[in-house]
Every structure is written in C-alpha cells, then in structure tokens.
Amino acid sequence: MVINVAQLLKSPQGTVKLVHVDETYEDEEGVPVPVKGDIKLTVVSKHILAQGKLVACVPLTCSRCVKPFVCSVTLDIEEEYYPTVDVQTGERLPPPDETGAFTIDEHHELDLSEAIRQYKETAVPMKPLCREDCAGICATCGKDLNEGKCDCPTTETDPRWAGLLKLKDKGN
C-alpha cells in the first residue's frame, strides 16, 4: 500500500490526489487481507492528509461455532503523514511532535499498511459471528448445532426452579 507522493509534496497547499486502492496486504499473522476503496491525499501545511473509505475482507473465526469465515469491515481512514526529508533540498526534517505519527519515508513514499492494520483492528468485532443466528456448538459433545440437534440427553432442571416450571406449564 505504498504511494509515491514526491510530486504532491511539491504542490501548493490544498492540492488533492485521488488514489484507488485494490490490493492485498499480509496481516501480523501473514494472512492475506484484500483491501479495496478510495483514498484522497491532500497537501496540508507541509504534510499530507489521507482520507478515505476502504473495505477489508478479514478472515475470522466464529466465536460460537468456531468455524472460519470472512468478514467485510469498513475502514474510515483519516490520518496525517509527515515527510522525513524535504522534497526540494533532500535535507532531513525534524520528527513530528506527535508520538506514533505516520511518516513519509526518504523516498517520498507514503505507506498506508500500518494505518490500515490499526483501523482494521478497531473495526473487527470483538465476538465475531459467521451469521447472526449461529447456534454454536454443543457444550457436551461438540456437535455444530447449525447442522442440527445433537443426541446428548437434556440436562436435568435445577430443583430450585421446579416451582416456577410448574407455573409455566399451567400457563400452556
């Protein structure tokens, strides 16, 4: 996800460059993640503002049935990138005041990979589900309940609930 921004850095403030992204990058486990969308790069006071909407197809594991599936997540990116080398003189520039700020390397290339990784991490659901009505697996035998009921005997009811169950049965 590397974009050469040398010409853009030479442009006046407010200059915009639109970039279409349709690439695959490897996440921290080395798994390929396809990413598509558009990014708008704008020159803002000697640095570049990257804004856009990307869609990443992230491989996940369902938290109920433990089966792998692909989840499509939207990444609304808005980050500033600071040059490390002056594009006109080639001199090193002081680091940005912000800790953890994104930088443009000495070859005037802006790399979106780390921003995409960070936005993807916040966009992925904490308890991913392969589908809304996933039934999960049987706690006793481990059968996938999406494929049908298991043959495990039903558990006995706690005797403390017996009085309420009688009331429920009278209502039916």
# chains A, B, ... in the order shown; residues from 1 in each chain; ligands from 1
>>> select_by_dssp(residues="stretch 3-164 of chain A", states="strand (DSSP E)", output="number ranges by chain")
A: 3-4, 16-26, 32-44, 47-61, 68-83, 102-104, 109-111
>>> select_by_dssp(residues="stretch 59-135 of chain A", states="alpha helix (DSSP H)", output="VMD selection string")
chain A and resid 113 to 123
>>> write_last_selection(atoms="C-alpha atoms", output="short mmCIF file (atom, residue, chain, number, x, y, z; two decimals), in the first residue's frame")
data_model
loop_
_atom_site.label_atom_id
_atom_site.label_comp_id
_atom_site.auth_asym_id
_atom_site.auth_seq_id
_atom_site.Cartn_x
_atom_site.Cartn_y
_atom_site.Cartn_z
CA SER A 113 -0.29 -0.50 5.57
CA GLU A 114 0.12 0.40 9.25
CA ALA A 115 -2.90 2.75 9.23
CA ILE A 116 -4.99 0.05 7.55
CA ARG A 117 -3.82 -2.51 10.12
CA GLN A 118 -4.75 -0.22 13.03
CA TYR A 119 -8.15 0.70 11.62
CA LYS A 120 -8.84 -2.98 10.82
CA GLU A 121 -8.06 -3.98 14.42
CA THR A 122 -10.60 -1.49 15.77
CA ALA A 123 -13.25 -2.40 13.16
#
>>> closest_residue(among="A:Tyr82, A:Asp133, A:Cys152, A:Ser72", to="A:Asp111", atoms="only C-alpha atoms")
A:Tyr82
>>> atom_distance(atom1="atom CA of A:Lys127", atom2="atom CA of A:Gln51")
28.0 Å
>>> residues_around(residues="stretch 21-27 of chain A", least_positions_apart="4", cutoff="9 Å", atoms="only C-alpha atoms", output="number ranges by chain")
A: 1, 31-39, 54, 113, 117
>>> write_last_selection(atoms="N, CA and C atoms", output="PDB file, in the first residue's frame")
ATOM      1  N   MET A   1       0.817  -1.176   0.000  1.00  0.00           N
ATOM      2  CA  MET A   1       0.000   0.000   0.000  1.00  0.00           C
ATOM      3  C   MET A   1       0.870   1.252   0.000  1.00  0.00           C
ATOM      4  N   VAL A  31      -1.469 -13.564   7.103  1.00  0.00           N
ATOM      5  CA  VAL A  31      -2.677 -13.917   6.357  1.00  0.00           C
ATOM      6  C   VAL A  31      -2.996 -12.793   5.367  1.00  0.00           C
ATOM      7  N   PRO A  32      -3.214 -13.131   4.078  1.00  0.00           N
ATOM      8  CA  PRO A  32      -3.540 -12.083   3.103  1.00  0.00           C
ATOM      9  C   PRO A  32      -4.933 -11.503   3.342  1.00  0.00           C
ATOM     10  N   VAL A  33      -5.015 -10.159   3.333  1.00  0.00           N
ATOM     11  CA  VAL A  33      -6.274  -9.456   3.552  1.00  0.00           C
ATOM     12  C   VAL A  33      -6.513  -8.521   2.362  1.00  0.00           C
ATOM     13  N   PRO A  34      -7.527  -8.813   1.517  1.00  0.00           N
ATOM     14  CA  PRO A  34      -7.826  -7.919   0.397  1.00  0.00           C
ATOM     15  C   PRO A  34      -8.456  -6.609   0.906  1.00  0.00           C
ATOM     16  N   VAL A  35      -7.997  -5.491   0.321  1.00  0.00           N
ATOM     17  CA  VAL A  35      -8.497  -4.173   0.704  1.00  0.00           C
ATOM     18  C   VAL A  35      -8.830  -3.404  -0.567  1.00  0.00           C
ATOM     19  N   LYS A  36     -10.034  -2.788  -0.601  1.00  0.00           N
ATOM     20  CA  LYS A  36     -10.466  -2.005  -1.754  1.00  0.00           C
ATOM     21  C   LYS A  36     -11.073  -0.697  -1.270  1.00  0.00           C
ATOM     22  N   GLY A  37     -10.952   0.324  -2.106  1.00  0.00           N
ATOM     23  CA  GLY A  37     -11.582   1.598  -1.793  1.00  0.00           C
ATOM     24  C   GLY A  37     -10.815   2.752  -2.401  1.00  0.00           C
ATOM     25  N   ASP A  38     -11.143   3.959  -1.966  1.00  0.00           N
ATOM     26  CA  ASP A  38     -10.510   5.166  -2.483  1.00  0.00           C
ATOM     27  C   ASP A  38      -9.974   6.011  -1.341  1.00  0.00           C
ATOM     28  N   ILE A  39      -8.805   6.594  -1.582  1.00  0.00           N
ATOM     29  CA  ILE A  39      -8.154   7.470  -0.619  1.00  0.00           C
ATOM     30  C   ILE A  39      -7.911   8.816  -1.298  1.00  0.00           C
ATOM     31  N   LEU A  54     -12.213   2.472   2.982  1.00  0.00           N
ATOM     32  CA  LEU A  54     -11.729   1.213   2.439  1.00  0.00           C
ATOM     33  C   LEU A  54     -12.557   0.072   3.015  1.00  0.00           C
ATOM     34  N   SER A 113      -0.131   0.814   4.931  1.00  0.00           N
ATOM     35  CA  SER A 113      -0.287  -0.504   5.567  1.00  0.00           C
ATOM     36  C   SER A 113      -0.530  -0.439   7.068  1.00  0.00           C
ATOM     37  N   ARG A 117      -3.868  -1.492   9.068  1.00  0.00           N
ATOM     38  CA  ARG A 117      -3.819  -2.510  10.116  1.00  0.00           C
ATOM     39  C   ARG A 117      -4.482  -2.005  11.392  1.00  0.00           C
TER      40      ARG A 117
END
>>> atom_distance(atom1="atom CA of A:Lys53", atom2="atom CA of A:Asp97")
26.6 Å
>>> residues_around(residues="A:Glu79", least_positions_apart="3", cutoff="9 Å", atoms="only C-alpha atoms", output="PyMOL selection string")
chain A and resi 48-51+101-102+115
>>> write_last_selection(atoms="N, CA and C atoms", output="PDB file, in the first residue's frame")
ATOM      1  N   ILE A  48       0.751  15.625   4.509  1.00  0.00           N
ATOM      2  CA  ILE A  48      -0.342  15.109   3.681  1.00  0.00           C
ATOM      3  C   ILE A  48      -1.411  14.492   4.573  1.00  0.00           C
ATOM      4  N   LEU A  49      -2.656  14.849   4.283  1.00  0.00           N
ATOM      5  CA  LEU A  49      -3.811  14.291   4.968  1.00  0.00           C
ATOM      6  C   LEU A  49      -4.405  13.208   4.075  1.00  0.00           C
ATOM      7  N   ALA A  50      -4.473  11.988   4.597  1.00  0.00           N
ATOM      8  CA  ALA A  50      -5.054  10.861   3.867  1.00  0.00           C
ATOM      9  C   ALA A  50      -6.436  10.592   4.438  1.00  0.00           C
ATOM     10  N   GLN A  51      -7.461  10.658   3.570  1.00  0.00           N
ATOM     11  CA  GLN A  51      -8.838  10.407   3.985  1.00  0.00           C
ATOM     12  C   GLN A  51      -9.475   9.463   2.987  1.00  0.00           C
ATOM     13  N   ALA A 101       3.156   9.250  15.149  1.00  0.00           N
ATOM     14  CA  ALA A 101       2.633   9.851  13.918  1.00  0.00           C
ATOM     15  C   ALA A 101       3.148   9.069  12.712  1.00  0.00           C
ATOM     16  N   PHE A 102       2.360   9.036  11.657  1.00  0.00           N
ATOM     17  CA  PHE A 102       2.763   8.368  10.426  1.00  0.00           C
ATOM     18  C   PHE A 102       3.708   9.280   9.651  1.00  0.00           C
ATOM     19  N   ALA A 115      -1.605   2.106   8.932  1.00  0.00           N
ATOM     20  CA  ALA A 115      -2.899   2.745   9.231  1.00  0.00           C
ATOM     21  C   ALA A 115      -4.036   1.759   8.972  1.00  0.00           C
TER      22      ALA A 115
END
>>> atom_distance(atom1="atom CA of A:Asp144", atom2="atom CA of A:Val58")
22.7 Å
>>> closest_residue(among="A:Ala135, A:Leu93, A:Leu8, A:Val85", to="A:Asp105", atoms="only C-alpha atoms")
A:Val85
>>> residues_around(residues="A:Pro153", least_positions_apart="6", cutoff="12 Å", atoms="only C-alpha atoms", output="list in words")
Cys138, Ala139, Thr140 and Cys141 of chain A
>>> closest_residue(among="A:Val55, A:Leu41, A:Pro125, A:Glu147", to="A:Asp76", atoms="only C-alpha atoms")
A:Val55
